[in-house]
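> Below is the file data-v5.cif, with mmCIF, C-alpha atoms and all ligand atoms.
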```
data_query
#
loop_
_atom_site.label_atom_id
_atom_site.label_comp_id
_atom_site.auth_asym_id
_atom_site.auth_seq_id
_atom_site.Cartn_x
_atom_site.Cartn_y
_atom_site.Cartn_z
CA MET A 1 86.85 115.27 145.67
CA ARG A 2 90.16 114.19 147.11
CA LEU A 3 92.83 116.79 147.73
CA ILE A 4 95.17 117.55 144.86
CA LYS A 5 98.24 116.72 146.92
CA ASN A 6 96.79 113.39 148.01
CA ASN A 7 96.05 112.48 144.41
CA LEU A 8 99.63 113.23 143.46
CA ASN A 9 101.16 111.44 146.44
CA ILE A 10 99.22 108.26 145.80
CA ILE A 11 100.29 108.21 142.16
CA LYS A 12 103.94 109.04 142.91
CA ASN A 13 104.15 106.37 145.58
CA ALA A 14 102.71 103.79 143.23
CA LEU A 15 105.05 104.72 140.38
CA GLY A 16 108.27 105.00 142.38
CA ASP A 17 111.33 107.04 141.54
CA ASP A 18 111.93 105.75 138.03
CA VAL A 19 108.97 107.52 136.50
CA ILE A 20 108.76 111.31 136.41
CA VAL A 21 105.29 112.75 136.84
CA VAL A 22 104.66 115.95 134.92
CA ALA A 23 101.65 117.60 136.54
CA VAL A 24 99.67 119.03 133.64
CA SER A 25 98.32 122.29 135.01
CA LYS A 26 96.67 123.70 131.88
CA THR A 27 93.50 125.71 132.65
CA LYS A 28 94.21 125.38 136.38
CA PRO A 29 94.90 128.46 138.51
CA THR A 30 98.27 129.14 140.06
CA ASP A 31 97.05 128.51 143.63
CA GLU A 32 96.32 124.90 142.69
CA ILE A 33 99.83 124.57 141.28
CA MET A 34 101.24 125.98 144.50
CA LYS A 35 99.44 123.34 146.55
CA ILE A 36 101.71 120.66 145.17
CA TYR A 37 104.73 122.88 144.59
CA ASP A 38 104.69 123.55 148.33
CA GLN A 39 105.20 119.89 149.04
CA GLY A 40 108.13 119.66 146.68
CA HIS A 41 106.71 118.90 143.25
CA ILE A 42 108.45 120.96 140.56
CA ASP A 43 107.58 119.41 137.18
CA PHE A 44 104.60 121.08 135.52
CA GLY A 45 103.26 120.91 131.96
CA GLU A 46 101.34 123.41 129.88
CA ASN A 47 100.08 123.10 126.32
CA LYS A 48 99.63 126.76 125.38
CA VAL A 49 102.44 129.30 125.16
CA GLN A 50 100.27 132.20 126.29
CA GLU A 51 99.23 130.45 129.48
CA LEU A 52 102.72 129.13 130.10
CA LEU A 53 104.21 132.63 129.90
CA ILE A 54 101.72 134.03 132.41
CA LYS A 55 102.25 131.23 134.89
CA GLU A 56 106.01 131.26 134.54
CA LYS A 57 106.04 134.94 135.46
CA GLU A 58 103.92 134.47 138.54
CA LEU A 59 105.32 131.25 139.92
CA PRO A 60 108.62 130.23 141.56
CA LYS A 61 111.65 130.18 139.28
CA ASN A 62 112.78 126.69 140.13
CA ILE A 63 109.76 125.06 138.49
CA ASN A 64 110.64 122.74 135.59
CA TRP A 65 108.26 123.90 132.88
CA HIS A 66 107.38 121.30 130.28
CA MET A 67 105.86 122.49 126.99
CA ILE A 68 103.60 119.64 125.91
CA GLY A 69 101.36 121.20 123.26
CA HIS A 70 101.91 122.04 119.62
CA LEU A 71 104.47 124.82 119.38
CA GLN A 72 104.39 127.41 116.61
CA ARG A 73 107.75 128.59 115.37
CA ASN A 74 106.97 132.23 116.02
CA LYS A 75 106.44 131.44 119.71
CA VAL A 76 109.73 129.61 120.25
CA ARG A 77 111.71 132.67 121.25
CA SER A 78 109.39 133.57 124.11
CA ILE A 79 109.70 130.27 125.96
CA ILE A 80 113.24 129.07 125.44
CA PRO A 81 114.91 131.28 128.06
CA PHE A 82 113.17 129.30 130.81
CA VAL A 83 111.62 126.15 129.33
CA TYR A 84 112.90 122.90 130.83
CA LEU A 85 111.78 120.41 128.18
CA ILE A 86 109.75 120.72 124.98
CA HIS A 87 107.84 117.45 124.43
CA SER A 88 106.11 118.42 121.21
CA VAL A 89 108.80 118.88 118.57
CA ASP A 90 107.08 117.68 115.44
CA SER A 91 108.92 119.05 112.40
CA LEU A 92 112.40 119.75 111.11
CA ARG A 93 111.43 123.37 110.62
CA LEU A 94 110.65 123.63 114.31
CA ILE A 95 113.98 121.99 115.20
CA ASN A 96 115.74 124.56 112.99
CA LYS A 97 113.92 127.39 114.70
CA ILE A 98 114.69 126.15 118.21
CA ASN A 99 118.34 125.76 117.21
CA GLU A 100 118.45 129.28 115.82
CA GLU A 101 116.88 130.82 118.92
CA GLY A 102 118.95 128.67 121.28
CA LYS A 103 122.09 129.87 119.57
CA LYS A 104 121.13 133.50 120.13
CA ILE A 105 120.96 133.04 123.89
CA ASN A 106 123.65 130.36 124.00
CA LYS A 107 121.36 127.76 125.57
CA LYS A 108 121.07 124.17 124.50
CA ILE A 109 117.36 123.36 124.53
CA LYS A 110 116.23 119.91 125.65
CA VAL A 111 113.48 118.46 123.48
CA LEU A 112 111.56 115.28 122.74
CA LEU A 113 110.51 114.35 119.25
CA GLN A 114 106.77 113.80 119.10
CA VAL A 115 105.79 110.68 117.21
CA LYS A 116 102.35 110.15 115.77
CA ILE A 117 101.37 106.72 117.06
CA SER A 118 97.63 107.26 116.70
CA ASP A 119 95.82 108.69 113.70
CA ALA A 120 92.87 109.64 115.82
CA VAL A 121 94.32 111.72 118.60
CA SER A 122 96.46 114.43 117.06
CA LYS A 123 97.50 115.62 113.67
CA TYR A 124 100.94 116.50 114.98
CA GLY A 125 104.07 114.44 115.16
CA PHE A 126 106.48 112.58 112.94
CA ASN A 127 105.07 109.35 111.60
CA LEU A 128 106.87 106.11 112.32
CA SER A 129 108.85 106.00 109.10
CA GLU A 130 109.80 109.68 109.23
CA ILE A 131 111.14 109.37 112.75
CA GLU A 132 113.39 106.48 111.84
CA LYS A 133 114.68 108.37 108.85
CA ILE A 134 115.62 111.30 111.04
CA LEU A 135 117.21 109.17 113.72
CA ASN A 136 119.23 107.32 111.08
CA SER A 137 120.42 110.53 109.47
CA GLU A 138 122.83 113.18 110.66
CA VAL A 139 120.32 115.98 110.67
CA LEU A 140 120.16 116.16 114.47
CA ASP A 141 123.94 116.45 114.75
CA ASN A 142 123.79 119.67 112.81
CA HIS A 143 121.74 121.38 115.48
CA LYS A 144 124.14 122.16 118.28
CA TYR A 145 121.60 124.06 120.35
CA VAL A 146 118.96 121.34 120.34
CA LYS A 147 119.45 118.32 122.54
CA VAL A 148 117.05 115.51 121.70
CA VAL A 149 116.71 113.54 124.92
CA GLY A 150 113.95 111.18 123.87
CA LEU A 151 110.54 110.64 122.33
CA MET A 152 106.93 111.49 123.10
CA GLY A 153 103.67 109.99 121.92
CA MET A 154 99.94 110.07 122.56
CA ALA A 155 97.75 107.01 122.22
CA THR A 156 94.19 106.96 120.91
CA PHE A 157 91.60 108.03 123.48
CA SER A 158 89.82 104.72 123.77
CA ASN A 159 88.65 102.10 126.23
CA ASN A 160 90.24 99.47 124.07
CA GLU A 161 93.44 98.57 125.89
CA THR A 162 94.67 96.48 123.01
CA ILE A 163 94.77 99.50 120.71
CA ILE A 164 96.52 101.66 123.30
CA GLU A 165 99.02 98.96 124.12
CA LYS A 166 99.84 98.43 120.46
CA GLU A 167 100.48 102.14 119.92
CA PHE A 168 102.68 102.56 123.00
CA ASN A 169 104.54 99.40 122.13
CA ALA A 170 105.35 100.71 118.65
CA LEU A 171 106.96 103.78 120.19
CA GLN A 172 108.81 101.77 122.83
CA LYS A 173 110.37 99.68 120.06
CA ILE A 174 111.75 102.75 118.32
CA TYR A 175 112.91 104.24 121.60
CA ASP A 176 114.76 101.07 122.53
CA LYS A 177 116.29 100.73 119.09
CA TYR A 178 117.85 104.19 119.22
CA LYS A 179 118.31 104.92 122.91
CA ASN A 180 121.95 103.93 123.10
CA THR A 181 123.16 105.57 119.92
CA HIS A 182 121.25 108.77 120.68
CA LYS A 183 121.75 108.74 124.46
CA PHE A 184 118.01 108.95 125.04
CA LYS A 185 116.81 109.32 128.60
CA THR A 186 113.12 110.11 128.34
CA LEU A 187 110.14 108.29 126.90
CA SER A 188 107.13 110.54 127.53
CA MET A 189 103.99 108.45 127.19
CA GLY A 190 100.83 108.24 129.24
CA MET A 191 98.05 110.57 130.36
CA SER A 192 95.40 110.19 133.04
CA GLY A 193 93.44 107.55 131.16
CA ASP A 194 96.28 105.37 129.96
CA TYR A 195 99.42 105.96 132.00
CA LYS A 196 99.46 102.51 133.56
CA ILE A 197 99.52 100.91 130.12
CA ALA A 198 102.23 103.38 129.06
CA ILE A 199 104.45 102.40 131.98
CA LYS A 200 104.05 98.72 131.17
CA ASN A 201 105.41 99.68 127.76
CA GLY A 202 108.49 101.44 128.97
CA SER A 203 107.36 104.99 129.69
CA ASN A 204 109.49 106.85 132.21
CA MET A 205 107.64 110.17 132.06
CA VAL A 206 103.88 110.54 132.37
CA ARG A 207 101.88 113.71 131.75
CA LEU A 208 98.99 113.75 134.19
CA GLY A 209 96.31 116.41 134.43
CA SER A 210 92.85 115.33 135.50
CA VAL A 211 93.90 112.50 137.84
CA ILE A 212 95.80 115.10 139.86
CA PHE A 213 93.80 118.33 139.53
CA GLY A 214 90.34 116.92 138.76
CA SER A 215 88.52 117.25 135.48
CA ARG A 216 88.94 120.42 133.46
CA GLY A 217 85.18 120.76 133.06
C1 LIG A 301 96.12 117.77 128.51
C2 LIG A 301 97.28 116.92 128.16
C3 LIG A 301 97.70 115.89 129.01
C4 LIG A 301 97.01 115.54 130.32
O1 LIG A 301 95.71 115.07 130.09
P1 LIG A 301 94.90 114.32 131.25
O2 LIG A 301 94.03 113.38 130.49
O3 LIG A 301 94.13 115.36 131.97
O4 LIG A 301 95.87 113.63 132.12
C5 LIG A 301 98.82 115.16 128.63
N1 LIG A 301 99.48 115.41 127.49
C6 LIG A 301 99.10 116.37 126.64
C7 LIG A 301 99.88 116.58 125.39
C8 LIG A 301 97.98 117.16 126.94
O5 LIG A 301 97.61 118.12 126.08
#
```
Could you express the structure from this file as structure tokens?


Amino acid sequence: MRLIKNNLNIIKNALGDDVIVVAVSKTKPTDEIMKIYDQGHIDFGENKVQELLIKEKELPKNINWHMIGHLQRNKVRSIIPFVYLIHSVDSLRLINKINEEGKKINKKIKVLLQVKISDAVSKYGFNLSEIEKILNSEVLDNHKYVKVVGLMGMATFSNNETIIEKEFNALQKIYDKYKNTHKFKTLSMGMSGDYKIAIKNGSNMVRLGSVIFGSRG
């Protein structure tokens, strides 16, 4: 197996500076995280609050922690003091909760709205019509402690590039339609198996686990 830092360097060199790589470290021990932290990588993603809290405690404080998995409302309070970006905001109730907890600590929390672009991959996320309704309404303006900086989506796990491309393209269209009015900066699309297709469709943030750390077994 190639070294973790070589894997990351090759990918970062190929993608250039316009695409942020979130190294998805779920299930991986902290010493593997430190191998790439030590060469300057600071964006890491976790999908479980419990694991995120343990790693955040143990690891350097300047890491940008990305919460990429489904977030329960009763866990919001524990992560917002340090979380850098929540990718998986999938309901108005969750937005309300983040706003409420952000207000308590006077911190504006950066989030992405997760959009369900594939029926197969996840039950979470706003569907395409819901997301447009929200973006066209004033509901986000009423949440002063939530800053929506963009959108996130997951494509079907498939070898069929046409399906993946179609799903990413649907999200890119919405992102482009609203990016100026909403001052969006981040389109989080693409995992180990499909990130090249995601980038062709406008992604500027990829969430990569196994291509960096090896398979999770
Ligand atoms: C696990 C996970 C990833 C990374 O998956 P890989 O296929 O290992 O790159 C990306 N995004 C989310 C939401 C995940 O849960």

> For Ala155 (chain A), work out the shell of residues within 12 Å, counting only C-alpha atoms and skipping chain neighbours fewer than 6 positions away, then give it as number ranges by chain.

A: 114-122, 161-171, 188-195, 197-198, 201

> Just checking: using all atoms listed in the file, which residue out of A:Leu85, A:Ile95, A:Ile4, A:Ile10 ends up closest to Val111 (chain A)?

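Of A:Leu85, A:Ile95, A:Ile4, A:Ile10, the one nearest Val111 (chain A) is A:Leu85, counting all atoms listed in the file.
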
> If I take CA of Leu151 (chain A) and CA of Phe184 (chain A), how far is one from the other in Å, to one decimal?

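Distance between the two atoms: 8.1 Å.
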
> Report, in Å with one decimal, the straight-line distance from CA of Lys147 (chain A) to CA of Asn64 (chain A).

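Straight-line distance from CA of Lys147 (chain A) to CA of Asn64 (chain A) works out to 16.4 Å.
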
> May I ask which of the residues A:Val211, A:Leu71, A:Val89, A:Leu187 is the closest one to Lys5 (chain A), counting all atoms listed in the file?

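Closest to Lys5 (chain A), using all atoms listed in the file: A:Val211.
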
> I'd like the contact shell of Ile109 (chain A) - 12 Å cut-off, all atoms listed in the file, skipping same-chain residues fewer than 2 positions apart - returned as an mmCIF file with C-alpha atoms, in the coordinates of the input.


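The result, written out as result-v8.cif:
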```cif
data_model
loop_
_atom_site.group_PDB
_atom_site.id
_atom_site.type_symbol
_atom_site.label_atom_id
_atom_site.label_comp_id
_atom_site.auth_asym_id
_atom_site.auth_seq_id
_atom_site.Cartn_x
_atom_site.Cartn_y
_atom_site.Cartn_z
ATOM 1 C CA HIS A 66 107.380 121.300 130.280
ATOM 2 C CA MET A 67 105.860 122.490 126.990
ATOM 3 C CA VAL A 76 109.730 129.610 120.250
ATOM 4 C CA ARG A 77 111.710 132.670 121.250
ATOM 5 C CA ILE A 79 109.700 130.270 125.960
ATOM 6 C CA ILE A 80 113.240 129.070 125.440
ATOM 7 C CA PRO A 81 114.910 131.280 128.060
ATOM 8 C CA PHE A 82 113.170 129.300 130.810
ATOM 9 C CA VAL A 83 111.620 126.150 129.330
ATOM 10 C CA TYR A 84 112.900 122.900 130.830
ATOM 11 C CA LEU A 85 111.780 120.410 128.180
ATOM 12 C CA ILE A 86 109.750 120.720 124.980
ATOM 13 C CA HIS A 87 107.840 117.450 124.430
ATOM 14 C CA VAL A 89 108.800 118.880 118.570
ATOM 15 C CA ILE A 95 113.980 121.990 115.200
ATOM 16 C CA ASN A 96 115.740 124.560 112.990
ATOM 17 C CA LYS A 97 113.920 127.390 114.700
ATOM 18 C CA ILE A 98 114.690 126.150 118.210
ATOM 19 C CA ASN A 99 118.340 125.760 117.210
ATOM 20 C CA GLU A 100 118.450 129.280 115.820
ATOM 21 C CA GLU A 101 116.880 130.820 118.920
ATOM 22 C CA GLY A 102 118.950 128.670 121.280
ATOM 23 C CA LYS A 103 122.090 129.870 119.570
ATOM 24 C CA LYS A 104 121.130 133.500 120.130
ATOM 25 C CA ILE A 105 120.960 133.040 123.890
ATOM 26 C CA ASN A 106 123.650 130.360 124.000
ATOM 27 C CA LYS A 107 121.360 127.760 125.570
ATOM 28 C CA VAL A 111 113.480 118.460 123.480
ATOM 29 C CA LEU A 112 111.560 115.280 122.740
ATOM 30 C CA HIS A 143 121.740 121.380 115.480
ATOM 31 C CA LYS A 144 124.140 122.160 118.280
ATOM 32 C CA TYR A 145 121.600 124.060 120.350
ATOM 33 C CA VAL A 146 118.960 121.340 120.340
ATOM 34 C CA LYS A 147 119.450 118.320 122.540
ATOM 35 C CA VAL A 148 117.050 115.510 121.700
ATOM 36 C CA VAL A 149 116.710 113.540 124.920
#
```

> Using Å and a single decimal, report how far atom C5 of ligand LIG 301 (chain A) sits from CA of Gly209 (chain A).

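Computed distance, CA of Gly209 (chain A) to atom C5 of ligand LIG 301 (chain A), equals 6.4 Å.
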
> Using only C-alpha atoms and all ligand atoms, which of the listed residues (A:Leu140, A:Val24, A:Leu128, A:Leu15) sits closest to ligand LIG 301 (chain A)?

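Smallest separation from ligand LIG 301 (chain A) among the options: A:Val24.
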
> Go through A:Pro29, A:His182, A:Met152, A:Gly69 and flag the residue nearest Ser203 (chain A), using all atoms listed in the file for the distances.

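Smallest distance to Ser203 (chain A) is found for A:Met152.
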
> Give the answer as one residue: which of A:Glu56, A:Asp17, A:Glu32, A:Glu46 has the shortest atom-to-atom distance to ligand LIG 301 (chain A), using all atoms listed in the file?

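Going through A:Glu56, A:Asp17, A:Glu32, A:Glu46 one by one, the smallest distance to ligand LIG 301 (chain A) is for A:Glu46.
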
> Taking the point (96.7, 122.2, 147.0) as given in the file, collect each protein or nucleic acid residue that comes within 10 Å of it, counting only C-alpha atoms, and present the set as number ranges by chain.

A: 3-6, 30-39, 213

> Quick one: of A:Ser137, A:Ile54, A:Lys110, A:Gln172, who's nearest to Ile199 (chain A), counting only C-alpha atoms?

A:Gln172

> As an mmCIF file, in the coordinates of the input, could you write out region 67-84 of chain A once it has been completed with N, CA, C and O atoms?


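What follows is the written file part_31.cif:
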```cif
data_model
loop_
_atom_site.group_PDB
_atom_site.id
_atom_site.type_symbol
_atom_site.label_atom_id
_atom_site.label_comp_id
_atom_site.auth_asym_id
_atom_site.auth_seq_id
_atom_site.Cartn_x
_atom_site.Cartn_y
_atom_site.Cartn_z
ATOM 1 N N MET A 67 106.797 122.087 128.048
ATOM 2 C CA MET A 67 105.860 122.490 126.990
ATOM 3 C C MET A 67 105.389 121.221 126.302
ATOM 4 O O MET A 67 106.192 120.514 125.695
ATOM 5 N N ILE A 68 104.096 120.931 126.424
ATOM 6 C CA ILE A 68 103.600 119.640 125.910
ATOM 7 C C ILE A 68 102.668 119.774 124.715
ATOM 8 O O ILE A 68 102.278 118.774 124.123
ATOM 9 N N GLY A 69 102.298 121.017 124.368
ATOM 10 C CA GLY A 69 101.360 121.200 123.260
ATOM 11 C C GLY A 69 102.066 121.646 121.994
ATOM 12 O O GLY A 69 103.245 122.026 122.018
ATOM 13 N N HIS A 70 101.339 121.623 120.902
ATOM 14 C CA HIS A 70 101.910 122.040 119.620
ATOM 15 C C HIS A 70 102.520 123.430 119.738
ATOM 16 O O HIS A 70 101.911 124.345 120.274
ATOM 17 N N LEU A 71 103.730 123.565 119.236
ATOM 18 C CA LEU A 71 104.470 124.820 119.380
ATOM 19 C C LEU A 71 104.663 125.451 118.003
ATOM 20 O O LEU A 71 105.244 124.835 117.100
ATOM 21 N N GLN A 72 104.185 126.683 117.873
ATOM 22 C CA GLN A 72 104.390 127.410 116.610
ATOM 23 C C GLN A 72 105.772 128.034 116.608
ATOM 24 O O GLN A 72 106.244 128.511 117.650
ATOM 25 N N ARG A 73 106.370 128.102 115.432
ATOM 26 C CA ARG A 73 107.750 128.590 115.370
ATOM 27 C C ARG A 73 107.883 130.036 115.849
ATOM 28 O O ARG A 73 108.873 130.393 116.468
ATOM 29 N N ASN A 74 106.858 130.823 115.602
ATOM 30 C CA ASN A 74 106.970 132.230 116.020
ATOM 31 C C ASN A 74 106.815 132.419 117.539
ATOM 32 O O ASN A 74 106.948 133.519 118.046
ATOM 33 N N LYS A 75 106.547 131.335 118.262
ATOM 34 C CA LYS A 75 106.440 131.440 119.710
ATOM 35 C C LYS A 75 107.667 130.854 120.429
ATOM 36 O O LYS A 75 107.760 130.889 121.653
ATOM 37 N N VAL A 76 108.576 130.294 119.649
ATOM 38 C CA VAL A 76 109.730 129.610 120.250
ATOM 39 C C VAL A 76 110.548 130.561 121.112
ATOM 40 O O VAL A 76 110.911 130.250 122.250
ATOM 41 N N ARG A 77 110.812 131.738 120.571
ATOM 42 C CA ARG A 77 111.710 132.670 121.250
ATOM 43 C C ARG A 77 111.235 133.009 122.664
ATOM 44 O O ARG A 77 112.032 133.155 123.578
ATOM 45 N N SER A 78 109.914 133.119 122.821
ATOM 46 C CA SER A 78 109.390 133.570 124.110
ATOM 47 C C SER A 78 109.570 132.539 125.223
ATOM 48 O O SER A 78 109.629 132.894 126.392
ATOM 49 N N ILE A 79 109.634 131.273 124.884
ATOM 50 C CA ILE A 79 109.700 130.270 125.960
ATOM 51 C C ILE A 79 111.096 129.701 126.219
ATOM 52 O O ILE A 79 111.356 129.179 127.304
ATOM 53 N N ILE A 80 111.976 129.789 125.233
ATOM 54 C CA ILE A 80 113.240 129.070 125.440
ATOM 55 C C ILE A 80 114.143 129.598 126.563
ATOM 56 O O ILE A 80 114.909 128.825 127.110
ATOM 57 N N PRO A 81 114.041 130.879 126.953
ATOM 58 C CA PRO A 81 114.910 131.280 128.060
ATOM 59 C C PRO A 81 114.669 130.468 129.341
ATOM 60 O O PRO A 81 115.575 130.296 130.146
ATOM 61 N N PHE A 82 113.453 129.990 129.544
ATOM 62 C CA PHE A 82 113.170 129.300 130.810
ATOM 63 C C PHE A 82 112.701 127.859 130.635
ATOM 64 O O PHE A 82 112.701 127.096 131.595
ATOM 65 N N VAL A 83 112.274 127.467 129.443
ATOM 66 C CA VAL A 83 111.620 126.150 129.330
ATOM 67 C C VAL A 83 112.596 125.037 129.703
ATOM 68 O O VAL A 83 113.788 125.102 129.411
ATOM 69 N N TYR A 84 112.071 124.016 130.375
ATOM 70 C CA TYR A 84 112.900 122.900 130.830
ATOM 71 C C TYR A 84 112.982 121.804 129.776
ATOM 72 O O TYR A 84 114.049 121.251 129.515
#
```
